[in-house]
Each structure stands twice: as structure tokens, then as C-alpha cells.
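Q: What follows is query-v5.txt, made up of compact mmCIF, C-alpha atoms and all ligand atoms:
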# COMPACT_ATOMS: atom_id res chain seq x y z
CA MET D 187 -45.27 38.97 -107.65
CA SER D 188 -47.43 41.97 -108.55
CA GLU D 189 -50.18 41.36 -111.10
CA HIS D 190 -48.36 43.30 -113.80
CA GLN D 191 -44.81 42.36 -112.97
CA PRO D 192 -44.09 38.82 -114.11
CA ILE D 193 -41.27 36.85 -112.59
CA ARG D 194 -38.49 36.33 -115.12
CA ILE D 195 -36.26 33.26 -114.85
CA THR D 196 -33.43 33.09 -117.36
CA VAL D 197 -32.38 29.70 -118.66
CA GLY D 198 -28.73 29.91 -119.57
CA GLY D 199 -27.63 28.64 -122.92
CA SER D 200 -25.50 25.51 -122.68
CA ALA D 201 -24.18 23.38 -125.55
CA GLY D 202 -24.15 26.46 -127.76
CA SER D 203 -27.85 27.26 -127.39
CA ALA D 204 -29.13 30.79 -126.81
CA PRO D 205 -30.39 31.80 -123.35
CA TYR D 206 -34.12 32.50 -122.99
CA ASP D 207 -36.55 33.71 -120.38
CA VAL D 208 -39.40 31.95 -118.61
CA LEU D 209 -42.03 34.47 -117.55
CA VAL D 210 -44.50 33.61 -114.79
CA GLY D 211 -47.43 35.93 -114.20
CA ARG D 212 -50.77 37.00 -115.60
CA TRP D 213 -51.91 38.63 -118.88
CA LEU D 214 -48.67 37.62 -120.55
CA LEU D 215 -49.86 37.28 -124.13
CA GLY D 216 -48.88 40.88 -124.80
CA GLU D 217 -45.30 39.64 -124.43
CA LEU D 218 -45.65 37.33 -127.42
CA PRO D 219 -44.58 39.71 -130.25
CA ALA D 220 -41.35 40.61 -128.45
CA VAL D 221 -40.45 36.92 -128.18
CA ILE D 222 -41.55 36.20 -131.75
CA GLY D 223 -38.87 38.65 -132.83
CA PRO D 224 -38.46 40.91 -135.86
CA ASP D 225 -37.92 38.31 -138.62
CA ALA D 226 -41.20 36.43 -138.52
CA ARG D 227 -43.89 36.95 -141.08
CA ARG D 228 -45.87 33.77 -140.34
CA VAL D 229 -46.80 32.31 -136.95
CA ALA D 230 -48.36 28.87 -136.46
CA VAL D 231 -50.28 28.53 -133.19
CA LEU D 232 -50.47 24.83 -132.27
CA HIS D 233 -53.10 24.06 -129.63
CA PRO D 234 -55.08 21.04 -128.40
CA GLU D 235 -58.78 20.61 -129.11
CA ALA D 236 -59.57 21.57 -125.50
CA LEU D 237 -58.05 25.01 -126.08
CA ALA D 238 -59.63 25.78 -129.46
CA ALA D 239 -60.98 29.13 -128.26
CA THR D 240 -57.64 30.16 -126.75
CA GLY D 241 -55.76 29.13 -129.89
CA GLU D 242 -58.14 31.12 -132.08
CA ALA D 243 -57.95 34.17 -129.79
CA ILE D 244 -54.15 34.17 -130.00
CA ARG D 245 -54.29 33.74 -133.76
CA GLU D 246 -56.68 36.67 -134.13
CA ASP D 247 -54.52 38.83 -131.91
CA LEU D 248 -51.40 38.06 -133.96
CA ALA D 249 -53.27 38.59 -137.23
CA ALA D 250 -54.40 42.00 -135.96
CA GLN D 251 -50.73 42.83 -135.45
CA GLY D 252 -49.92 42.06 -139.06
CA TYR D 253 -48.64 38.48 -138.89
CA GLU D 254 -49.93 35.80 -141.23
CA ALA D 255 -51.18 33.70 -138.33
CA ILE D 256 -52.68 30.23 -138.51
CA ALA D 257 -54.15 28.07 -135.76
CA VAL D 258 -53.39 24.34 -135.97
CA GLN D 259 -55.59 22.11 -133.86
CA LEU D 260 -54.03 18.98 -132.35
CA PRO D 261 -55.66 16.08 -130.49
CA ASN D 262 -55.76 16.40 -126.70
CA ALA D 263 -53.14 14.87 -124.45
CA GLU D 264 -50.82 12.03 -125.55
CA GLU D 265 -52.64 11.48 -128.85
CA ALA D 266 -50.85 14.61 -130.04
CA LYS D 267 -47.42 13.03 -129.53
CA ALA D 268 -47.60 10.83 -132.61
CA VAL D 269 -45.72 10.88 -135.89
CA GLU D 270 -48.99 11.21 -137.82
CA VAL D 271 -49.75 14.45 -135.97
CA ALA D 272 -46.24 15.76 -136.61
CA ALA D 273 -46.66 14.88 -140.31
CA TYR D 274 -49.96 16.76 -140.42
CA CYS D 275 -48.23 19.83 -138.95
CA TRP D 276 -45.35 19.56 -141.47
CA SER D 277 -47.87 19.53 -144.29
CA VAL D 278 -49.68 22.59 -142.89
CA LEU D 279 -46.36 24.45 -142.56
CA GLY D 280 -45.43 23.46 -146.10
CA GLN D 281 -48.71 24.71 -147.49
CA THR D 282 -48.28 27.96 -145.57
CA LYS D 283 -44.78 28.40 -147.05
CA PHE D 284 -43.32 28.57 -143.57
CA THR D 285 -39.70 29.77 -143.74
CA ARG D 286 -36.77 29.74 -141.34
CA GLY D 287 -37.74 33.23 -140.21
CA ASP D 288 -41.20 32.09 -139.09
CA VAL D 289 -42.26 30.94 -135.64
CA VAL D 290 -44.20 28.07 -134.05
CA VAL D 291 -46.14 28.78 -130.85
CA GLY D 292 -47.21 25.80 -128.73
CA VAL D 293 -50.17 26.62 -126.46
CA GLY D 294 -51.22 23.79 -124.16
CA GLY D 295 -50.03 21.14 -121.76
CA GLY D 296 -46.80 19.20 -121.93
CA ALA D 297 -48.06 16.94 -124.71
CA THR D 298 -48.77 19.97 -126.91
CA THR D 299 -45.50 21.75 -126.20
CA ASP D 300 -43.51 18.50 -126.72
CA LEU D 301 -45.15 18.10 -130.14
CA ALA D 302 -44.92 21.78 -131.08
CA GLY D 303 -41.24 21.88 -130.11
CA PHE D 304 -40.60 18.71 -132.11
CA VAL D 305 -42.31 20.15 -135.19
CA ALA D 306 -40.23 23.31 -134.79
CA ALA D 307 -37.04 21.24 -134.34
CA THR D 308 -37.64 19.24 -137.49
CA TRP D 309 -39.19 21.80 -139.87
CA LEU D 310 -36.41 23.12 -142.14
CA ARG D 311 -34.05 21.46 -139.58
CA GLY D 312 -35.08 23.89 -136.90
CA VAL D 313 -37.18 27.04 -136.62
CA ARG D 314 -37.84 29.33 -133.66
CA TRP D 315 -40.60 28.29 -131.26
CA ILE D 316 -42.29 29.66 -128.18
CA ALA D 317 -43.97 27.67 -125.41
CA VAL D 318 -47.16 28.92 -123.79
CA PRO D 319 -47.79 26.18 -121.22
CA THR D 320 -51.32 25.97 -119.84
CA THR D 321 -50.94 23.17 -117.28
CA VAL D 322 -48.94 23.01 -114.05
CA LEU D 323 -46.83 20.26 -115.55
CA GLY D 324 -46.19 22.26 -118.68
CA MET D 325 -45.12 25.32 -116.73
CA VAL D 326 -42.85 23.64 -114.21
CA ASP D 327 -41.29 21.05 -116.47
CA ALA D 328 -42.26 20.30 -120.07
CA ALA D 329 -42.00 23.78 -121.57
CA VAL D 330 -38.61 24.47 -119.99
CA GLY D 331 -35.39 22.84 -121.08
CA GLY D 332 -35.76 22.07 -124.76
CA LYS D 333 -36.60 18.35 -124.67
CA THR D 334 -39.11 17.89 -127.49
CA GLY D 335 -40.50 14.69 -128.92
CA ILE D 336 -43.14 12.11 -129.65
CA ASN D 337 -43.97 8.60 -128.48
CA THR D 338 -43.78 5.40 -130.53
CA ALA D 339 -45.43 2.04 -129.93
CA GLU D 340 -42.08 0.90 -128.51
CA GLY D 341 -41.78 3.57 -125.85
CA LYS D 342 -42.26 7.03 -124.46
CA ASN D 343 -40.50 10.02 -126.08
CA LEU D 344 -38.33 7.69 -128.14
CA VAL D 345 -38.11 10.14 -131.06
CA GLY D 346 -37.20 13.74 -130.45
CA ALA D 347 -34.65 16.50 -130.36
CA PHE D 348 -33.11 18.97 -127.95
CA HIS D 349 -34.47 22.25 -129.31
CA PRO D 350 -34.88 25.00 -126.68
CA PRO D 351 -37.68 27.52 -127.07
CA ALA D 352 -37.05 31.23 -127.65
CA GLY D 353 -39.18 31.98 -124.61
CA VAL D 354 -41.75 30.49 -122.24
CA LEU D 355 -44.87 32.37 -121.13
CA CYS D 356 -46.57 30.87 -118.04
CA ASP D 357 -49.88 32.65 -117.63
CA LEU D 358 -51.28 31.47 -114.29
CA ASP D 359 -54.83 32.36 -115.33
CA ALA D 360 -54.74 29.44 -117.78
CA LEU D 361 -54.78 27.01 -114.85
CA GLU D 362 -58.32 27.97 -113.86
CA SER D 363 -59.93 25.78 -116.53
CA LEU D 364 -57.79 22.72 -115.90
CA ALA D 365 -59.51 19.50 -114.72
CA VAL D 366 -58.49 18.60 -111.18
CA ASN D 367 -56.77 15.36 -112.26
CA ASP D 368 -54.67 17.26 -114.78
CA TYR D 369 -53.85 19.88 -112.17
CA ILE D 370 -52.64 17.34 -109.59
CA GLY D 371 -50.74 15.41 -112.26
CA GLY D 372 -48.49 18.45 -112.50
CA LEU D 373 -47.93 18.33 -108.77
CA ALA D 374 -46.03 15.06 -109.28
CA GLU D 375 -43.29 17.00 -111.12
CA VAL D 376 -43.46 19.78 -108.52
CA ILE D 377 -42.94 17.17 -105.77
CA LYS D 378 -40.12 15.64 -107.83
CA ALA D 379 -38.37 19.03 -107.82
CA GLY D 380 -38.87 19.08 -104.03
CA PHE D 381 -37.24 15.70 -103.48
CA ILE D 382 -34.32 16.16 -105.84
CA ALA D 383 -33.40 19.77 -105.05
CA ASP D 384 -35.74 22.07 -103.12
CA PRO D 385 -37.36 20.58 -99.99
CA VAL D 386 -39.18 23.86 -99.24
CA ILE D 387 -41.56 22.73 -101.98
CA LEU D 388 -42.45 19.70 -99.87
CA ASP D 389 -42.94 21.83 -96.77
CA LEU D 390 -45.32 24.15 -98.62
CA ILE D 391 -47.43 21.27 -99.92
CA GLU D 392 -47.44 19.41 -96.62
CA ALA D 393 -48.62 22.55 -94.81
CA ASP D 394 -51.92 22.41 -96.72
CA PRO D 395 -52.23 19.65 -99.32
CA GLN D 396 -55.84 20.51 -100.14
CA ALA D 397 -54.87 24.07 -101.04
CA ALA D 398 -52.01 22.76 -103.19
CA ARG D 399 -54.60 20.95 -105.34
CA THR D 400 -56.11 24.16 -106.73
CA PRO D 401 -54.82 27.24 -108.56
CA ALA D 402 -56.42 29.35 -105.82
CA GLY D 403 -54.05 27.93 -103.17
CA PRO D 404 -51.87 30.51 -101.40
CA HIS D 405 -48.60 28.98 -102.61
CA THR D 406 -49.47 28.26 -106.26
CA ALA D 407 -47.15 30.88 -107.76
CA GLU D 408 -44.33 30.06 -105.35
CA LEU D 409 -44.56 26.31 -106.02
CA ILE D 410 -44.46 26.94 -109.76
CA GLU D 411 -41.61 29.42 -109.51
CA ARG D 412 -39.50 27.18 -107.26
CA SER D 413 -40.00 24.18 -109.54
CA ILE D 414 -39.07 26.19 -112.64
CA ARG D 415 -35.92 27.41 -110.86
CA VAL D 416 -34.90 23.82 -110.12
CA LYS D 417 -35.35 22.85 -113.74
CA ALA D 418 -33.73 26.02 -115.11
CA GLU D 419 -30.68 25.55 -112.89
CA VAL D 420 -30.14 22.00 -114.15
CA VAL D 421 -30.79 22.50 -117.87
CA SER D 422 -28.68 25.66 -117.91
CA GLN D 423 -25.71 23.45 -117.04
CA ASP D 424 -26.53 20.35 -119.05
CA LEU D 425 -28.93 20.85 -121.95
CA LYS D 426 -28.20 17.53 -123.65
CA GLU D 427 -28.31 15.29 -120.59
CA SER D 428 -24.69 14.29 -120.54
CA GLY D 429 -24.80 13.94 -116.75
CA LEU D 430 -26.49 16.27 -114.29
CA ARG D 431 -29.76 16.51 -116.24
CA GLU D 432 -30.48 12.84 -115.51
CA ILE D 433 -31.64 13.87 -112.03
CA LEU D 434 -34.79 15.35 -113.64
CA ASN D 435 -35.65 11.80 -114.62
CA TYR D 436 -36.26 10.83 -110.97
CA GLY D 437 -39.17 8.35 -110.94
CA HIS D 438 -39.37 8.29 -114.73
CA THR D 439 -37.79 4.90 -115.49
CA LEU D 440 -40.80 3.02 -114.14
CA ALA D 441 -43.21 5.85 -115.03
CA HIS D 442 -42.50 5.64 -118.75
CA ALA D 443 -42.74 1.83 -118.60
CA ILE D 444 -46.21 2.18 -117.05
CA GLU D 445 -47.28 4.77 -119.63
CA LYS D 446 -46.25 2.49 -122.48
CA ASN D 447 -47.97 -0.46 -120.78
CA GLU D 448 -51.17 1.60 -120.62
CA ARG D 449 -50.75 2.66 -124.29
CA TYR D 450 -50.33 6.27 -123.13
CA THR D 451 -53.78 6.53 -121.58
CA TRP D 452 -52.40 7.23 -118.08
CA ARG D 453 -51.47 10.82 -117.37
CA HIS D 454 -47.71 11.31 -117.15
CA GLY D 455 -47.92 12.87 -113.67
CA ALA D 456 -49.81 9.88 -112.27
CA ALA D 457 -47.18 7.49 -113.63
CA VAL D 458 -44.37 9.67 -112.26
CA SER D 459 -46.01 9.50 -108.83
CA VAL D 460 -45.90 5.67 -108.80
CA GLY D 461 -42.41 5.83 -110.31
CA MET D 462 -41.13 8.03 -107.49
CA VAL D 463 -42.51 5.71 -104.81
CA PHE D 464 -40.70 2.88 -106.60
CA ALA D 465 -37.48 4.91 -106.83
CA ALA D 466 -37.72 5.75 -103.12
CA GLU D 467 -38.11 2.06 -102.25
CA LEU D 468 -35.21 1.23 -104.55
CA GLY D 469 -33.09 3.84 -102.79
CA ARG D 470 -34.09 2.48 -99.41
CA LEU D 471 -33.43 -1.16 -100.35
CA ALA D 472 -30.10 -0.23 -101.94
CA GLY D 473 -29.06 1.21 -98.57
CA ARG D 474 -29.00 4.81 -99.82
CA LEU D 475 -32.19 6.42 -98.53
CA ASP D 476 -33.34 6.75 -94.94
CA ASP D 477 -36.77 5.39 -93.98
CA ALA D 478 -38.24 8.78 -93.11
CA THR D 479 -37.51 10.32 -96.52
CA ALA D 480 -38.68 7.18 -98.33
CA ASP D 481 -41.96 7.21 -96.36
CA ARG D 482 -42.34 10.93 -97.00
CA HIS D 483 -42.80 10.15 -100.71
CA ARG D 484 -45.99 8.17 -100.08
CA ALA D 485 -47.33 10.68 -97.60
CA VAL D 486 -46.94 13.81 -99.72
CA LEU D 487 -48.00 12.19 -103.01
CA GLU D 488 -51.07 10.61 -101.42
CA SER D 489 -51.98 13.86 -99.64
CA VAL D 490 -52.61 15.61 -102.98
CA GLY D 491 -54.44 12.61 -104.47
CA LEU D 492 -51.73 11.03 -106.63
CA PRO D 493 -51.55 7.22 -107.07
CA LEU D 494 -48.94 5.13 -105.26
CA THR D 495 -49.46 1.67 -106.76
CA TYR D 496 -49.66 -0.24 -110.05
CA ARG D 497 -50.68 -3.74 -111.12
CA GLY D 498 -48.57 -6.46 -109.48
CA ASP D 499 -48.91 -8.88 -112.40
CA GLN D 500 -47.25 -6.48 -114.87
CA TRP D 501 -43.65 -6.61 -113.61
CA PRO D 502 -42.18 -8.70 -116.48
CA ARG D 503 -43.62 -6.31 -119.06
CA LEU D 504 -42.50 -3.24 -117.13
CA LEU D 505 -38.98 -4.63 -116.82
CA GLU D 506 -38.91 -5.19 -120.58
CA ASN D 507 -40.23 -1.66 -121.22
CA MET D 508 -37.59 -0.12 -118.94
CA LYS D 509 -34.80 -1.46 -121.17
CA VAL D 510 -35.44 1.31 -123.72
CA ASP D 511 -35.21 4.03 -121.07
CA LYS D 512 -32.83 6.73 -122.32
CA LYS D 513 -30.62 6.34 -119.26
CA SER D 514 -29.92 2.69 -120.17
CA ARG D 515 -26.49 1.87 -121.54
CA GLY D 516 -26.36 -1.41 -123.43
CA ASP D 517 -27.94 -4.00 -121.15
CA ARG D 518 -27.40 -1.90 -118.02
CA LEU D 519 -30.46 -0.35 -116.41
CA ARG D 520 -29.73 2.90 -114.60
CA PHE D 521 -32.02 4.63 -112.09
CA ILE D 522 -31.99 7.94 -110.27
CA VAL D 523 -32.29 7.35 -106.52
CA LEU D 524 -31.76 9.60 -103.53
CA ASN D 525 -28.76 9.41 -101.21
CA GLY D 526 -30.85 11.60 -98.91
CA LEU D 527 -33.25 14.49 -99.34
CA GLY D 528 -32.06 16.70 -102.23
CA LYS D 529 -29.19 14.33 -103.07
CA PRO D 530 -29.99 12.50 -106.31
CA VAL D 531 -27.47 9.99 -107.65
CA VAL D 532 -27.35 7.31 -110.34
CA LEU D 533 -27.84 3.71 -109.26
CA GLU D 534 -26.17 1.48 -111.85
CA SER D 535 -27.43 -2.02 -112.65
CA PRO D 536 -29.20 -2.79 -109.38
CA ASP D 537 -29.48 -6.43 -108.36
CA PRO D 538 -32.61 -7.85 -110.08
CA ALA D 539 -33.82 -9.16 -106.72
CA VAL D 540 -33.72 -5.61 -105.32
CA LEU D 541 -35.74 -4.36 -108.28
CA VAL D 542 -38.37 -7.05 -107.69
CA ALA D 543 -38.49 -6.22 -103.97
CA ALA D 544 -38.89 -2.50 -104.69
CA TYR D 545 -41.68 -3.25 -107.15
CA GLY D 546 -43.33 -5.41 -104.49
CA GLU D 547 -43.71 -2.25 -102.42
CA VAL D 548 -45.70 -0.42 -105.13
CA SER D 549 -47.64 -3.33 -106.60
CA ARG D 550 -51.24 -4.14 -105.80
N1 LIG D 601 -40.23 17.96 -122.48
C1 LIG D 601 -40.09 17.78 -121.18
O1 LIG D 601 -39.07 18.09 -120.57
C2 LIG D 601 -41.24 17.18 -120.43
C3 LIG D 601 -41.25 17.25 -119.03
C4 LIG D 601 -42.32 16.71 -118.35
C5 LIG D 601 -43.37 16.12 -119.04
N2 LIG D 601 -43.34 16.10 -120.39
C6 LIG D 601 -44.49 15.55 -121.15
O2 LIG D 601 -45.64 16.33 -120.87
C7 LIG D 601 -46.79 15.53 -121.11
C8 LIG D 601 -47.80 15.71 -120.00
O3 LIG D 601 -48.20 17.06 -119.95
P1 LIG D 601 -49.51 17.53 -119.15
O4 LIG D 601 -49.56 16.87 -117.84
O5 LIG D 601 -49.52 18.99 -119.24
O6 LIG D 601 -50.69 16.86 -119.96
P2 LIG D 601 -51.37 17.18 -121.37
O7 LIG D 601 -50.60 18.07 -122.23
O8 LIG D 601 -51.75 15.86 -121.90
O9 LIG D 601 -52.69 17.99 -120.92
C9 LIG D 601 -53.67 17.32 -120.17
C10 LIG D 601 -55.08 17.64 -120.73
O10 LIG D 601 -55.44 18.97 -120.38
C11 LIG D 601 -55.87 19.70 -121.53
N3 LIG D 601 -55.51 21.08 -121.23
C12 LIG D 601 -54.30 21.67 -121.29
N4 LIG D 601 -54.35 22.90 -120.78
C13 LIG D 601 -55.63 23.10 -120.38
C14 LIG D 601 -56.27 24.18 -119.75
N5 LIG D 601 -55.63 25.28 -119.38
N6 LIG D 601 -57.60 24.06 -119.49
C15 LIG D 601 -58.26 22.92 -119.81
N7 LIG D 601 -57.69 21.86 -120.38
C16 LIG D 601 -56.37 21.95 -120.67
C17 LIG D 601 -55.14 19.04 -122.67
O11 LIG D 601 -55.78 19.26 -123.90
C18 LIG D 601 -55.18 17.57 -122.24
O12 LIG D 601 -56.40 16.98 -122.60
C19 LIG D 601 -46.30 14.11 -121.26
O13 LIG D 601 -46.31 13.75 -122.62
C20 LIG D 601 -44.88 14.16 -120.76
O14 LIG D 601 -44.07 13.17 -121.34
C21 LIG D 601 -42.31 16.61 -121.09
O1 LIG D 602 -36.21 17.49 -118.63
C1 LIG D 602 -35.77 16.37 -118.34
O2 LIG D 602 -34.61 16.03 -118.59
C2 LIG D 602 -36.64 15.38 -117.69
O3 LIG D 602 -36.26 14.25 -117.52
C3 LIG D 602 -37.98 15.87 -117.23
C4 LIG D 602 -39.05 14.82 -117.20
O4 LIG D 602 -40.02 15.25 -116.27
C5 LIG D 602 -39.78 14.67 -118.53
O5 LIG D 602 -40.87 13.80 -118.37
C6 LIG D 602 -38.96 14.28 -119.73
O6 LIG D 602 -39.73 14.39 -120.91
C7 LIG D 602 -38.46 12.88 -119.69
O7 LIG D 602 -37.52 12.75 -120.68
P1 LIG D 602 -37.00 11.38 -121.26
O8 LIG D 602 -35.69 11.77 -121.87
O9 LIG D 602 -36.86 10.38 -120.16
O10 LIG D 602 -37.99 10.95 -122.27
ZN ZN D 603 -41.77 14.07 -116.43
Kindly return the structure encoded in the file as C-alpha cells.
A:
Amino acid sequence: MSEHQPIRITVGGSAGSAPYDVLVGRWLLGELPAVIGPDARRVAVLHPEALAATGEAIREDLAAQGYEAIAVQLPNAEEAKAVEVAAYCWSVLGQTKFTRGDVVVGVGGGATTDLAGFVAATWLRGVRWIAVPTTVLGMVDAAVGGKTGINTAEGKNLVGAFHPPAGVLCDLDALESLAVNDYIGGLAEVIKAGFIADPVILDLIEADPQAARTPAGPHTAELIERSIRVKAEVVSQDLKESGLREILNYGHTLAHAIEKNERYTWRHGAAVSVGMVFAAELGRLAGRLDDATADRHRAVLESVGLPLTYRGDQWPRLLENMKVDKKSRGDRLRFIVLNGLGKPVVLESPDPAVLVAAYGEVSR
């Protein structure tokens, strides 16, 4: 990738949605007006507290180009994914007289883009929105694919809508200011993409795990691009998760149960890391996954500093939490496991004793 030539990955429209591009590069904010489109008069820039200066800079830039631009500050991280925050945004849009021609821009990590997309999906039953992800996780996963939503006390992402963005701008320079724990949290989703579809990702990380932990690593752009391609390929075929898209939920059944158990104070990537070790053990115990690939989960996740274990005494609560997973059907729990590297499949209603044994392998 040359500095001025972003990579462009097109996400095909499925289920009647319009296709859109994900751009990966540097200095991409100049692309914003083209994605905003000709109809917008007002633009609302939703950003977390941590990115107040960035949000204001984008607002000023848009105002200088003639838009009526407002910056809307959200709480950092999961606190943004709450109905009270969505309601605050609805009231700001109402007071700004935001119409169906106007555009929401979500600038931030996955929590911000999930909330911004949800506000855009619900305002006037759906307005155009653009994602400007500023974390690894946001770039490789959250901003792509049109899943938007908020958490409730009962579970993670329980309220939301499929509402694809009009475009996604991944400016790699944004990653420079990210805290190391937030950076490596995103690697959990990168590693997920490696296990479910693109093992070259795993090879690149294993070659130099320390380098993978920083934006200055030699493979940063390639890891991000490969992961986006995995996601784009899947959501282009199955926007509304009627089948194939469930593979992107690898490790998430337990992960979301942990996040709820921790009242959303754990980072999503950390929970997904533990959830993937659990899913690997489940695959192994169910006779699907070979020992080497199951063990590879622990090795690669640990090598970048992600957690592998969770509290042993919490199993009954986690099991209860998993029942509201979106892959559940009635009383049947369903998990994504691997039949081998890059071969994700659904495991239906595993024997409870197998679930307990798999949890025994991640509990401390
Ligand atoms: N919609 C989807 O398909 C999808 C996919 C994966 C994850 N998610 C969601 O994404 C969320 C996690 O996203 P995340 O890991 O990006 O965390 P996050 O959005 O909570 O961001 C982590 C922290 O970093 C701050 N931050 C963001 N960008 C920064 C930057 N460039 N410099 C400094 N600080 C910055 C944020 O304010 C926050 O405090 C979860 O809610 C998860 O459920 C959604
Ligand atoms: O895009 C998807 O589909 C995913 O499952 C990607 C996940 O990484 C992401 O965390 C997603 O938000 C989980 O969705 P949910 O439907 O299980 O809430
Ligand atoms: Zn996820």
C-alpha cells in the first residue's frame, strides 16, 4: 500500500442492502465528503470522550466545507452502548432538525461505531451513516458488516439492527494513540479471522508476536486488510446472519456471557480470547478439532498478551447468560467450533458434561 493509495475492499450488498467500500490507509478524512454524498446538509459526528479533539477537528473540517456539522460526545467504551446514550443522541438529532438526507459519522472504537450505527438505524427509521474506526477491533470487525446495537442488563448487544454503513474509513494513523490493552484486544478478532478462515494471519503473528502488539509492526496493515477481507467475504453473502455469518461469532458465546458477568467492564477482545480457548476445547472434546490446532489457540493468544482463563466459580452464571446468545434456538445452545483449521461449523446442543469439561480447561 502506498501512503496515498488506500486499499479499497468492497462489501457486497446482500439482503437488498447497497454495497459500500472499506478504505484502509492514511490521511483518509479527505474521503469523507464523497461518502457523505450530495443530499446531506447536516452531519453529526459521534465520538467518545477520549477522541474529543479528533471529533472536533472533523466537525470543523466539515463546517468549513459548508455542512451544518455538530460533534456529539459519548462516554468511552461500553458505557456508550446504553439506551440512555442512544436517547441523548436522538434528542440532539431532533433539536438539530436532522432529516433523512443527513448523515451520522461514528468516529471511535467498536463501542462508538455500534452506538452510532444504532442511532442511525433508528433515527427516522434509518439514515445514512459512516464508520471511522479508530481501534484495531473497530477496523477489522465492528465497523464492517452492519451489525449495530446496544447492551442491556440482560445481555450483550441484545437490542440492535442490521444497518450497513455507507462507507468505512480505516485511517491507520489513528492506532498510534491507542492504549496497548485496547490494541491487543483487537488482535483477538484478528486471530479469530485467522482460525476461522485465513491461517496466514496466524503465521504472521506467530512469526513475531511482539511486533504484532504495536501499530509499528511490519505486518500491521496486512493483518488488518486480511481480517477485513474475511469479514467482508462473509457479510457480503449473509448480512442478516441466516447461516454463514454465524462463523464470525466464533468464541463469542462464552465471551458475551463473561462480559455480562463483568457488567461490561471487561474489554470485548479479552473476553473473545477466553471464549476462543473455550470453543477450541469444546471442539476438541466433541471430537472435531485436532490437538495441535486446539493448543495453537492458547499459544498464539498468550503470545500477544491476551487472557486464556476466567473464574472457575462462575460457570452456573455463565451458562445462564449463554441462553440469551443470539445463536440459541429455544432451549438449544449452539456454538461455533472448528472441524479443523479454517473449517468452522455449528455444534448443536452439546452434552452438558462436555460443556463443563471444556470450561474446566479455561477456568482458574
Ligand atoms: N458490530 C460488530 O460487528 C462488532 C464486531 C466486533 C465487536 N463489536 C463491539 O465492539 C466493541 C469493542 O470495540 P473496541 O475494542 O474498539 O473498544 P472500544 O470502542 O470500547 O474502545 C476502547 C477504548 O479506546 C478508546 N479509543 C478508541 N479509539 C482510540 C484511539 N485511536 N486512541 C485512543 N483511545 C481510543 C475508546 O474511547 C475506549 O475507551 C464491543 O462493544 C463489541 O461488542 C461489534
Ligand atoms: O459480525 C458478526 O456477525 C460477528 O459476530 C462479529 C463479532 O465479532 C461481534 O462481536 C458481534 O457484535 C457479535 O454479534 P452478536 O450478534 O453475537 O451480538
Ligand atoms: Zn466480536
Q: For D:Pro502, which of D:Thr479, D:Asn447, D:Ser535, D:Thr334 is the closest residue, counting all atoms listed in the file?
A: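 Answer, going by the shortest atom-to-atom distance: D:Asn447.
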Q: In Å to one decimal, how far is atom CA of D:Val463 from atom CA of D:Tyr545?
A: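 About the pair atom CA of D:Tyr545 and atom CA of D:Val463: they are 9.3 Å apart.
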Q: Calculate how many Å separate atom CA of D:Ser200 from atom C4 of ligand LIG 601 (chain D), rounding to one decimal.
A: 19.5 Å
Q: Just want the residues within 9 Å of ligand ZN 603 (chain D), written as JSON, numbers by chain, counting all atoms listed in the file.
A: {"D": [323, 327, 328, 372, 374, 375, 378, 434, 435, 436, 437, 438, 441, 442, 454, 455, 457, 458]}
Q: Find the residues near ligand LIG 601 (chain D). Use a cut-off of 7 Å, count only C-alpha atoms and all ligand atoms, and write them as an MDAnalysis selection string.
A: chainID D and resid 234:237 262:264 294:298 300 320:324 327:334 343 360:365 368 371:372 453:455
Q: Skipping near chain neighbours, those fewer than 3 positions away, what residues fall within 9 Å of stretch 388-404 of chain D using only C-alpha atoms, listed as an MDAnalysis selection string?
A: chainID D and resid 358:359 361:362 366 369:370 373 376:377 379:381 384:385 407:409 485:486 489:491
Q: Would you fill the gaps in stretch 190-201 of chain D so it has N, CA, C and O atoms, then print it as a tab-separated table (two decimals), keeping the file's coordinate frame?
A:
chain	number	residue	atom	x	y	z
D	190	HIS	N	-48.88	42.87	-112.50
D	190	HIS	CA	-48.36	43.30	-113.80
D	190	HIS	C	-46.86	43.09	-113.94
D	190	HIS	O	-46.28	43.45	-114.94
D	191	GLN	N	-46.25	42.57	-112.93
D	191	GLN	CA	-44.81	42.36	-112.97
D	191	GLN	C	-44.50	40.87	-112.96
D	191	GLN	O	-44.41	40.26	-111.91
D	192	PRO	N	-44.37	40.26	-114.12
D	192	PRO	CA	-44.09	38.82	-114.11
D	192	PRO	C	-42.71	38.52	-113.53
D	192	PRO	O	-41.82	39.37	-113.59
D	193	ILE	N	-42.59	37.33	-112.99
D	193	ILE	CA	-41.27	36.85	-112.59
D	193	ILE	C	-40.55	36.39	-113.85
D	193	ILE	O	-41.17	35.80	-114.75
D	194	ARG	N	-39.27	36.68	-113.93
D	194	ARG	CA	-38.49	36.33	-115.12
D	194	ARG	C	-37.34	35.42	-114.68
D	194	ARG	O	-36.50	35.81	-113.87
D	195	ILE	N	-37.32	34.21	-115.19
D	195	ILE	CA	-36.26	33.26	-114.85
D	195	ILE	C	-35.49	32.98	-116.14
D	195	ILE	O	-36.07	32.51	-117.13
D	196	THR	N	-34.21	33.28	-116.13
D	196	THR	CA	-33.43	33.09	-117.36
D	196	THR	C	-32.81	31.69	-117.37
D	196	THR	O	-32.21	31.27	-116.38
D	197	VAL	N	-33.01	31.01	-118.47
D	197	VAL	CA	-32.38	29.70	-118.66
D	197	VAL	C	-31.13	29.94	-119.49
D	197	VAL	O	-31.21	30.42	-120.62
D	198	GLY	N	-30.00	29.63	-118.90
D	198	GLY	CA	-28.73	29.91	-119.57
D	198	GLY	C	-28.55	28.99	-120.75
D	198	GLY	O	-29.04	27.87	-120.76
D	199	GLY	N	-27.88	29.50	-121.77
D	199	GLY	CA	-27.63	28.64	-122.92
D	199	GLY	C	-26.46	27.71	-122.60
D	199	GLY	O	-25.41	28.18	-122.18
D	200	SER	N	-26.66	26.41	-122.75
D	200	SER	CA	-25.50	25.51	-122.68
D	200	SER	C	-25.46	24.77	-124.01
D	200	SER	O	-26.41	24.85	-124.79
D	201	ALA	N	-24.37	24.10	-124.28
D	201	ALA	CA	-24.18	23.38	-125.55
D	201	ALA	C	-24.44	24.28	-126.75
D	201	ALA	O	-25.04	23.87	-127.75
